[in-house]
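All remarks here apply to the structure that follows.
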Amino acid sequence: GRSPHDIAHSVEAFRSLVHPDDLSAMVTAADAFAAGRPRTYDLEFRMAHADGSWRWVHSRGRALSRDADGRPTRVAGLHTDVTERREAEEQLRESHAALAVSEARYRALVEGATSPPLKS
């Protein structure tokens with residue numbers, strides 16, 4: 001939803017687009033990568049789309065070169081919109097939960113139907 005030119009080339013501008021609930025994990029991963037650990041990064045977080053919605057982004061990359069302290073000096077990476085996949089995963093989780101409830105109700109009915117009648 002944004003071109004590279006729409007985002008100022010600063011860490012603060014980029015971070016301002018990250019969902020508040022995901023910002024801490026994203027910053028922790030980015031800071032560790034910038035410090036030279038790990039050698040690559042691979043994480044998912046939500047970012048503000050140009051239309052105001054939140055989109056899930058899979059961000060991954062690696063350092064092409066590093067300074068003497070191991071910090072990246074050149075990085076190649078890719079951001080991929082994975083919103084549809086995340087939504088499908090959520091729908092699948094909801095379907096599994098609904099199925100578990102349905103199975104429990106069915107078992108309760110079957111067990112009740114096969115129990116000997118109560119005598120009074």
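Labels used: A, B, ... for chains in the order of the structure tokens, numbers from 1 for residues in each chain, and numbers from 1 for ligands as shown.
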Inset, instruction - Do a neighbour search on Leu64 (chain A) at 7 Å with only C-alpha atoms, toss out local chain neighbours closer than 4 positions, and write the hits as a count of residues only. - result: 3
Inset, instruction - Using backbone DSSP assignments, extract all alpha helix (DSSP H) residues from chain A; output them as number ranges by chain. - result: A: 11-15, 20-34, 83-114
Selected residues written out with C-alpha atoms, as a short mmCIF file (atom, residue, chain, number, x, y, z; two decimals), in the first residue's frame:
data_model
loop_
_atom_site.label_atom_id
_atom_site.label_comp_id
_atom_site.auth_asym_id
_atom_site.auth_seq_id
_atom_site.Cartn_x
_atom_site.Cartn_y
_atom_site.Cartn_z
CA VAL A 11 13.97 4.35 11.60
CA GLU A 12 11.48 6.56 13.43
CA ALA A 13 9.28 6.99 10.33
CA PHE A 14 9.25 3.24 9.73
CA ARG A 15 8.51 2.41 13.37
CA PRO A 20 1.66 -0.62 18.81
CA ASP A 21 1.11 -4.24 19.95
CA ASP A 22 3.91 -5.45 17.64
CA LEU A 23 6.36 -2.59 18.07
CA SER A 24 8.28 -3.95 21.06
CA ALA A 25 8.99 -7.34 19.44
CA MET A 26 9.91 -5.69 16.14
CA VAL A 27 12.27 -3.22 17.84
CA THR A 28 13.90 -6.00 19.88
CA ALA A 29 14.52 -8.08 16.74
CA ALA A 30 15.76 -5.08 14.74
CA ASP A 31 18.09 -3.94 17.52
CA ALA A 32 19.55 -7.44 17.90
CA PHE A 33 20.13 -7.65 14.15
CA ALA A 34 21.73 -4.19 14.09
CA THR A 83 -2.46 -10.55 5.62
CA GLU A 84 -4.53 -13.06 3.63
CA ARG A 85 -2.51 -15.98 5.01
CA ARG A 86 -2.84 -14.70 8.59
CA GLU A 87 -6.61 -14.25 8.15
CA ALA A 88 -6.93 -17.78 6.73
CA GLU A 89 -4.96 -19.15 9.71
CA GLU A 90 -7.29 -17.34 12.11
CA GLN A 91 -10.36 -18.71 10.31
CA LEU A 92 -8.87 -22.20 10.54
CA ARG A 93 -8.28 -21.81 14.31
CA GLU A 94 -11.87 -20.63 14.75
CA SER A 95 -13.17 -23.58 12.71
CA HIS A 96 -11.15 -26.05 14.80
CA ALA A 97 -12.51 -24.51 18.00
CA ALA A 98 -16.10 -24.69 16.71
CA LEU A 99 -15.55 -28.31 15.64
CA ALA A 100 -14.24 -29.23 19.10
CA VAL A 101 -17.36 -27.72 20.71
CA SER A 102 -19.61 -29.55 18.25
CA GLU A 103 -17.84 -32.86 18.87
CA ALA A 104 -18.16 -32.42 22.64
CA ARG A 105 -21.89 -31.77 22.32
CA TYR A 106 -22.32 -34.79 20.05
CA ARG A 107 -20.44 -37.05 22.47
CA ALA A 108 -22.54 -35.80 25.36
CA LEU A 109 -25.72 -36.57 23.40
CA VAL A 110 -24.51 -40.03 22.39
CA GLU A 111 -23.36 -40.89 25.90
CA GLY A 112 -26.67 -39.69 27.30
CA ALA A 113 -28.62 -41.77 24.78
CA THR A 114 -26.66 -44.95 25.53
#
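Interatomic distance, CA of Leu43 (chain A) to CA of His79 (chain A): 9.8 Å.
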Legend entry - Ser53 (chain A) surroundings by only C-alpha atoms, 12 Å radius, close-in-sequence under 5 positions cut, as a ChimeraX atom specification: /A:1,17-19,46-48,83
Go ahead and write the residues just picked, C-alpha atoms, as a CSV table (one decimal), in the first residue's frame.
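Output (part.csv):
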chain,number,residue,atom,x,y,z
A,1,GLY,CA,0.0,0.0,0.0
A,17,LEU,CA,3.8,2.6,10.9
A,18,VAL,CA,4.2,-0.5,13.1
A,19,HIS,CA,1.2,-1.6,15.1
A,46,ARG,CA,1.4,-5.4,11.5
A,47,MET,CA,1.9,-2.1,9.6
A,48,ALA,CA,-0.4,0.7,8.8
A,83,THR,CA,-2.5,-10.6,5.6
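The space between CA of Gly61 (chain A) and CA of Val82 (chain A) spans 15.9 Å.
For the atom pair formed by CA of Ser65 (chain A) and CA of Thr80 (chain A), the distance is 23.0 Å, given to one decimal.
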